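Q: Sharing a structure, written as structure tokens. Questions coming.
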Amino acid sequence: MSENKLRSNGTLKRIDGKKFRGYLEADEQGAAFYQKGKAEPLVQWHYARLHRMDNIRLGGTSTQVTVILKDDSRYILELDQGLKLYSFMDSHWADKPVTPKTRGDELRRLAELRGEKIQSPKKHLVTRRHPNRSIAGDIGIYLMLILVGIMMVFPLVFLVGSSLKPLDELFRFPPPVWPQHPTTDNFSDLFVTMGQSWIPFSRYLINTVLITAVGTFGHLVIASMAAFVLAKYEFPGGRLFFNIVTTCLMFSGYVTGIPNYLIMSRLGMIDTYWALILPAFAAPIGLFLMKQFMEGLPTALIEAATIDGAGRLRIFWSIVMPNVKPAWLTMIIFSVQSLWNTSAATVIYSEAKKTLVYALQQIQAGGIARTGQVAAANVIIVSVPILIFIFSQSRILETMASSGIKD
Amino acid sequence: MEKSFASRYITMRREKFRHGLEQAKKNKGCYLFLAPYAILFITFFILPITTSIIYSFTYYNILEPARFIGLQNYINLILQDEVFLTAVKNTFVIAVITGPVGYILSFLFAWFINELPKWLRAIAVVVFYAPSIAGAAFTVFSIIFRGDAYGWFNSILMEFGLIEAPRLWLTDPNYMMSILVFVILWMSMGTGFLSFVAGFQGIDRSMYEAGYVDGVRNRWQELYHITLPSMKPMLLFGAVMSITNAFNVSDVPRLLCGYPSTDYAARTVVTHLFDYGFSRFEMGYASAIATILFVVMILCKKAISALLGRVGA
């Protein structure tokens with residue numbers, strides 16, 4: 001290998017989702033990825049084997065690039081010195097196919113058209129990472145973000161504050177945002193109040209957890225199956241069906257609530273958990289996001305498995321599903337969010353089957369003296385979806401990247 | 001000559017149909033995969049929408065069988081139901097303000113957030129998305145805007161001497177709508193916002209570099225000529241989400257301003273629909289309201305996608 005070696009720390013992700021930490025080394029002939037502490041490269045490719053590189057995404061500190069070799073193996077690299085290394089690899093790429101999809105070529109052609117003589121045009125261009133940014137503009141953006149950000153969190157902070165306020169601080173003038181003597185009295189009072197009603201608080205909690213868990217699981221399986229065939233096979237009616245689902249994204253449970261009630265009473269599902277669970281199975285948003293995400297999976301993966309004799313169910317279960325984990329999480333969070341927040345006042349009458357949110361609305365109806373308890377109950381309810389979101393944010397954003405509606 | 005053209009057309013259609021049938025036979029398994037979802041979807045989405053449309057032409061109160069009355073429901077809605085007109089006015093005001101403003105704000109803040117370093121970005125996304133994911137958390141506004149002096153907003157205004165006596169923010173018809181619009185805007189950074197954040201991250205960097213070579217000189221030009229055109233699909237998705245949020249407003253007025261609210265000042269089309277459907281059991285009438293809502297939402301989506309077709313062109 002020659003002197004001209006570039007090296008960058010980062011991670012390599014294989015198509016099966018396995019991640020490796022290490023560094024990438026590139027020179028004129030090829031590139032290799034070494035795992036930490038190992039002398040032998042994990043993956044190595046000569047540039048002649050390279051089919052293309054694309055999906056370059058610039059993060060704050062690292063660059064992501066997908067490398068696709070001619071044998072259709074693909075690796076997602078996340079590199080600290082990504083842009084530099086990418087342009088280096090790109091400029092030494094032998095027998096480069098000139099297609100619009102080959103990143104970097106457009107740039108070179110542009111320069112050629114103008115008759116500019118640029119030895120390594122990208123190097124010149126990317127020295128400024130933010131070519132079109134002014135400092136004044138940056139400051140303005142930060143100020144806006146901070147101001148509006150405070151407005152966004154203030155009510156939530158106020159909510160948490162109220163749930164921790166002792167009674168005298170709840171009714172003090174002027175009311176403090178954050179309590180001077182925080183107490184968990186409201187939470188224990190909440191359990192006492194709920195314990196005195198003839199349905200224990202835990203019952204509402206169990207109902208909600210049950211509905212959320214069953215509804216989400218069923219939704220995940222059923223909608224993924226449908227999304228899989230809609231995304232990967234051409235069959236009459238498929239596209240029409242998907243377009244109808246896309247239109248139905250707009251119609252919330254409220255607008256369809258009345259005929260839905262009639263249908264459920266025909267089916268004898270009023271006042272059962274099914275009245276909440278079955279419609280959740282068919283939530284359009286889950287199918288929509290899953291289908292869009294699955295479209296990004298390489299078709300070659302499925303074709304190869306079909307040639308190997310794998311049935312559709314096998315392909316779905318052991319090839320497609322493991323590869324769309326980010327979309328799972330997204331489906332889960334949207335489904336949990338809507339089921340967890342459901343009050344179900346119209347389809348469930350028995351007290352013992354009602355949900356947490358419904359119980360909360362009942363406490364709220366108890367009037368001003370219950371302010372602290374309402375805040376406490378609210379904190380309990382609100383924290384679940386927010387926590388799930390915090391822990392799965394990056395996966396969710398990965399899914400949302402394919403959420404667009406193509407007209 | 002004409003006849004042969006017609007017969008050719010028929011053969012073509014027939015061929016197409018046969019081809020479709022063959023495709024369907026070849027992919028029988030696909031229908032099996034689709035079936036569970038399709039059955040549930042048809043039962044709980046398509047069927048309700050069609051029954052809604054059908055019932056909208058009838059008088060139906062669940063107890064007696066439905067009776068066909070033609071367009072009477074629609075005529076009553078528009079000519080006799082004054083509360084409906086209030087509801088339409090309110091929904092219209094809410095939709096016209098919170099729809100576009102929420103949409104633009106979602107986009108702008110997704111764009112601003114995209115400029116942040118990675119770790120800050122993660123925090124900012126949570127901060128902006130939390131209100132919409134937090135469901136019933138907006139009920140905290142009933143404490144913030146409480147009508148007595150213990151309400152936070154009242155106390156702040158009194159402290160600064162802007163008002164002398166506490167105001168009934170949530171029960172005085174003069175203030176209700178502004179408070180509602182504010183709260184709905186607070187919750188408007190939803191699914192569409194997430195889609196925008198993700199869309200910004202997915203844009204190919206080299207396009208910006210190419211733009212720089214081409215003479216793009218500031219972030220606004222970059223936004224209009226490069227970012228917007230490549231985010232059209234997300235923009236349409238976000239628009240669909242905004243339409244949903246703007247027209248389906250019902251929980252916020254119901255829980256903050258009461259149900260029914262003073263003088264129906266916070267009534268929206270959906271709460272009106274609820275009132276007739278679940279309190280008065282006038283299902284036919286409620287269905288007519290729902291049908292109008294469907295039509296308006298679909299028209300809105302069509303208009304927006306036509307509008308987005310021109311962006312960046």
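Residue numbering restarts at 1 in every chain; chains get A, B, ... in the order shown in the structure tokens, and ligands count up from 1 in that same order.
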DSSP on the backbone: what in region 208-370 of chain A comes out alpha helix (DSSP H), as a PyMOL selection string?

A: chain A and resi 208-232+238-248+257-266+274-281+284-295+299-307+312-314+321-323+325-340+356-365

Q: Pick out the residues sitting within 8 Å of Ser287 (chain B), and hand them over as a list of chain:residue names; count only C-alpha atoms, and ignore anything fewer than 5 positions along from it in its own chain.

A: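 What passes the distance filter is A:Ile258, A:Pro259, B:Ser52, B:Ile53, B:Tyr55, B:Ser56, B:Leu273.
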
Q: Keeping only C-alpha atoms, write those residues as an mmCIF file, in the first residue's frame.

A:
data_model
loop_
_atom_site.group_PDB
_atom_site.id
_atom_site.type_symbol
_atom_site.label_atom_id
_atom_site.label_comp_id
_atom_site.auth_asym_id
_atom_site.auth_seq_id
_atom_site.Cartn_x
_atom_site.Cartn_y
_atom_site.Cartn_z
ATOM 1 C CA ILE A 258 -70.476 7.658 14.888
ATOM 2 C CA PRO A 259 -70.737 5.083 12.092
ATOM 3 C CA SER B 52 -71.775 8.047 6.997
ATOM 4 C CA ILE B 53 -72.413 9.255 3.487
ATOM 5 C CA TYR B 55 -76.996 7.958 6.513
ATOM 6 C CA SER B 56 -76.456 11.633 5.765
ATOM 7 C CA LEU B 273 -70.976 16.203 15.418
#

Q: So which residues touch Val270 (chain B) within 8 Å, counting only C-alpha atoms, skipping near sequence neighbours fewer than 4 positions away, as a VMD selection string?

A: (chain A and resid 254 to 255) or (chain B and resid 247 to 250 274 290)

Q: Need to verify the contact set: Ala39 (chain A), 12 Å, only C-alpha atoms, exclusion of same-chain residues closer than 6 positions in sequence. Can you return it as a ChimeraX atom specification?

A: /A:22-23,32-33

Q: For those residues, write N, CA and C atoms to a file as a short mmCIF file (atom, residue, chain, number, x, y, z; two decimals), in the first residue's frame.

A:
data_model
loop_
_atom_site.label_atom_id
_atom_site.label_comp_id
_atom_site.auth_asym_id
_atom_site.auth_seq_id
_atom_site.Cartn_x
_atom_site.Cartn_y
_atom_site.Cartn_z
N GLY A 22 -14.58 0.57 14.77
CA GLY A 22 -13.21 0.42 14.29
C GLY A 22 -12.80 1.62 13.47
N TYR A 23 -11.99 1.39 12.43
CA TYR A 23 -11.60 2.52 11.60
C TYR A 23 -11.53 2.11 10.14
N ALA A 32 -10.38 -0.38 3.37
CA ALA A 32 -10.56 -1.53 4.25
C ALA A 32 -11.06 -1.05 5.60
N PHE A 33 -11.90 -1.85 6.19
CA PHE A 33 -12.41 -1.50 7.52
C PHE A 33 -11.84 -2.47 8.54
#

Q: Which residues come within 6 Å of region 174-183 of chain A, counting only C-alpha atoms, excluding same-chain residues fewer than 6 positions away, as a list in words?

A: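 The contact residues come out as Phe158, Gly161, Leu164 and Lys165 of chain A; Tyr150, Trp152 and Ser155 of chain B.
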
Q: Find the spatial neighbours of region 228-233 of chain B, counting only C-alpha atoms, within a cut-off of 12 Å - ignore same-chain residues fewer than 4 positions away - and output them as an MDAnalysis selection string.

A: (chainID A and resid 292 400:407) or (chainID B and resid 107:108 111 192 195:205 207:208 219:224 237:240 304:313)

Q: Residues as selected, N, CA and C atoms, written as a short mmCIF file (atom, residue, chain, number, x, y, z; two decimals), in the first residue's frame, can you do that?

A:
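Saved the output as result-v7.cif:
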data_model
loop_
_atom_site.label_atom_id
_atom_site.label_comp_id
_atom_site.auth_asym_id
_atom_site.auth_seq_id
_atom_site.Cartn_x
_atom_site.Cartn_y
_atom_site.Cartn_z
N GLN A 292 -43.62 2.60 3.33
CA GLN A 292 -42.63 3.52 2.77
C GLN A 292 -41.23 3.08 3.16
N MET A 400 -38.90 7.98 9.66
CA MET A 400 -39.63 9.12 9.12
C MET A 400 -38.96 9.66 7.86
N ALA A 401 -37.67 9.35 7.66
CA ALA A 401 -36.98 9.82 6.46
C ALA A 401 -37.65 9.28 5.21
N SER A 402 -38.36 8.17 5.31
CA SER A 402 -39.02 7.64 4.12
C SER A 402 -40.53 7.87 4.18
N SER A 403 -40.95 8.85 5.00
CA SER A 403 -42.38 9.01 5.22
C SER A 403 -43.11 9.79 4.13
N GLY A 404 -42.37 10.35 3.19
CA GLY A 404 -43.00 11.25 2.22
C GLY A 404 -44.08 10.59 1.37
N ILE A 405 -45.01 11.41 0.91
CA ILE A 405 -46.05 10.92 0.00
C ILE A 405 -45.66 11.31 -1.41
N LYS A 406 -45.43 10.31 -2.25
CA LYS A 406 -45.08 10.64 -3.64
C LYS A 406 -46.37 10.75 -4.43
N ASP A 407 -46.48 11.86 -5.14
CA ASP A 407 -47.74 12.10 -5.83
C ASP A 407 -47.77 11.42 -7.19
N PHE B 107 -42.11 23.32 9.81
CA PHE B 107 -41.05 23.25 8.82
C PHE B 107 -39.87 24.13 9.22
N LEU B 108 -40.16 25.36 9.62
CA LEU B 108 -39.07 26.28 9.98
C LEU B 108 -38.24 25.73 11.12
N TRP B 111 -36.11 22.94 10.23
CA TRP B 111 -34.97 23.44 9.47
C TRP B 111 -33.91 24.03 10.42
N GLY B 192 -45.85 15.48 11.38
CA GLY B 192 -45.31 16.18 10.23
C GLY B 192 -43.95 16.78 10.54
N SER B 195 -41.36 14.20 10.44
CA SER B 195 -41.07 13.85 9.05
C SER B 195 -40.12 14.88 8.44
N PHE B 196 -40.35 16.17 8.76
CA PHE B 196 -39.48 17.21 8.24
C PHE B 196 -38.05 17.05 8.78
N VAL B 197 -37.94 16.84 10.09
CA VAL B 197 -36.61 16.68 10.69
C VAL B 197 -35.85 15.57 9.97
N ALA B 198 -36.55 14.45 9.79
CA ALA B 198 -35.91 13.31 9.13
C ALA B 198 -35.59 13.64 7.68
N GLY B 199 -36.50 14.36 7.02
CA GLY B 199 -36.28 14.71 5.62
C GLY B 199 -35.04 15.56 5.44
N PHE B 200 -34.84 16.53 6.33
CA PHE B 200 -33.66 17.38 6.24
C PHE B 200 -32.38 16.56 6.36
N GLN B 201 -32.41 15.57 7.25
CA GLN B 201 -31.21 14.77 7.45
C GLN B 201 -30.92 13.89 6.25
N GLY B 202 -31.97 13.59 5.48
CA GLY B 202 -31.78 12.68 4.36
C GLY B 202 -31.32 13.34 3.08
N ILE B 203 -31.26 14.67 3.07
CA ILE B 203 -30.90 15.34 1.82
C ILE B 203 -29.42 15.15 1.52
N ASP B 204 -29.16 14.84 0.27
CA ASP B 204 -27.81 14.57 -0.16
C ASP B 204 -26.95 15.84 -0.07
N ARG B 205 -25.86 15.74 0.69
CA ARG B 205 -24.98 16.90 0.89
C ARG B 205 -24.45 17.47 -0.42
N MET B 207 -25.69 17.88 -3.13
CA MET B 207 -26.57 18.82 -3.81
C MET B 207 -26.29 20.25 -3.38
N TYR B 208 -26.00 20.42 -2.07
CA TYR B 208 -25.70 21.77 -1.59
C TYR B 208 -24.39 22.27 -2.18
N ARG B 219 -28.73 31.07 2.89
CA ARG B 219 -29.51 29.90 3.29
C ARG B 219 -30.92 29.92 2.73
N TRP B 220 -31.45 31.12 2.44
CA TRP B 220 -32.81 31.17 1.92
C TRP B 220 -32.87 30.66 0.49
N GLN B 221 -31.87 31.05 -0.32
CA GLN B 221 -31.81 30.52 -1.68
C GLN B 221 -31.64 29.01 -1.66
N GLU B 222 -30.79 28.57 -0.74
CA GLU B 222 -30.54 27.14 -0.61
C GLU B 222 -31.84 26.42 -0.28
N LEU B 223 -32.61 27.04 0.63
CA LEU B 223 -33.88 26.44 1.04
C LEU B 223 -34.82 26.33 -0.15
N TYR B 224 -34.95 27.42 -0.91
CA TYR B 224 -35.95 27.44 -1.97
C TYR B 224 -35.55 26.57 -3.16
N PHE B 237 -46.78 14.95 3.05
CA PHE B 237 -47.15 14.18 4.24
C PHE B 237 -47.46 15.11 5.41
N GLY B 238 -46.57 16.09 5.60
CA GLY B 238 -46.80 17.06 6.67
C GLY B 238 -48.10 17.81 6.49
N ALA B 239 -48.43 18.14 5.23
CA ALA B 239 -49.68 18.86 4.96
C ALA B 239 -50.88 18.00 5.34
N VAL B 240 -50.80 16.72 4.99
CA VAL B 240 -51.90 15.82 5.34
C VAL B 240 -52.08 15.79 6.86
N ILE B 304 -53.59 21.46 -1.73
CA ILE B 304 -52.21 21.58 -1.26
C ILE B 304 -51.26 20.82 -2.16
N SER B 305 -51.67 19.62 -2.62
CA SER B 305 -50.71 18.91 -3.47
C SER B 305 -50.54 19.61 -4.81
N ALA B 306 -51.60 20.30 -5.27
CA ALA B 306 -51.43 21.08 -6.50
C ALA B 306 -50.47 22.24 -6.25
N LEU B 307 -50.59 22.85 -5.07
CA LEU B 307 -49.75 23.98 -4.71
C LEU B 307 -48.29 23.55 -4.58
N LEU B 308 -48.08 22.39 -3.94
CA LEU B 308 -46.72 21.91 -3.73
C LEU B 308 -46.06 21.53 -5.05
N GLY B 309 -46.89 21.18 -6.04
CA GLY B 309 -46.34 20.84 -7.34
C GLY B 309 -45.54 21.99 -7.94
N ARG B 310 -45.86 23.21 -7.51
CA ARG B 310 -45.20 24.37 -8.11
C ARG B 310 -43.95 24.81 -7.35
N VAL B 311 -43.79 24.30 -6.14
CA VAL B 311 -42.68 24.77 -5.31
C VAL B 311 -41.34 24.49 -5.97
N GLY B 312 -40.49 25.51 -5.99
CA GLY B 312 -39.12 25.33 -6.44
C GLY B 312 -39.00 25.16 -7.95
N ALA B 313 -40.15 25.18 -8.67
CA ALA B 313 -40.07 24.93 -10.11
C ALA B 313 -39.57 26.17 -10.84
#

Q: Which residues are near Ile396 (chain A)? Cut-off 9 Å, only C-alpha atoms, ignore same chain within fewer than 6 positions. Put them as a list of chain:residue names.

A: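 So the residues in contact are A:Pro326, A:Ala327, A:Trp328, A:Leu329, A:Thr330, A:Met331, A:Ile333, A:Phe389, B:Leu194, B:Ala198.
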
Q: Between CA of Leu262 (chain A) and CA of Ile62 (chain B), what is the spacing in Å?

A: 8.5 Å

Q: Which of these, A:Leu42, A:Ile348, A:Val320, A:Met144, has the shortest distance to chain B once you count only C-alpha atoms?

A: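 The shortest atom-to-atom distance to chain B comes from A:Met144.
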
Q: Among region 28-157 of chain B, which residues carry a DSSP assignment of strand (DSSP E), reported as JSON, numbers by chain?

A: {"B": [58, 59, 67, 68]}

Q: Please produce a file of the residues just selected, as a PDB file, in the first residue's frame, where the atoms kept are C-alpha atoms.

A:
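Output below, filename selection.pdb:
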ATOM      1  CA  THR B  58     -81.717   9.885   6.049  1.00  0.00           C
ATOM      2  CA  TYR B  59     -83.371  10.617   9.348  1.00  0.00           C
ATOM      3  CA  ARG B  67     -85.940   7.117   6.701  1.00  0.00           C
ATOM      4  CA  PHE B  68     -84.771   8.656   3.448  1.00  0.00           C
TER       5      PHE B  68
END

Q: Just give me the gap between CA of Leu69 (chain A) and CA of Asn323 (chain A) in Å, one decimal is fine.

A: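 We find that CA of Leu69 (chain A) and CA of Asn323 (chain A) lie 19.0 Å from each other.
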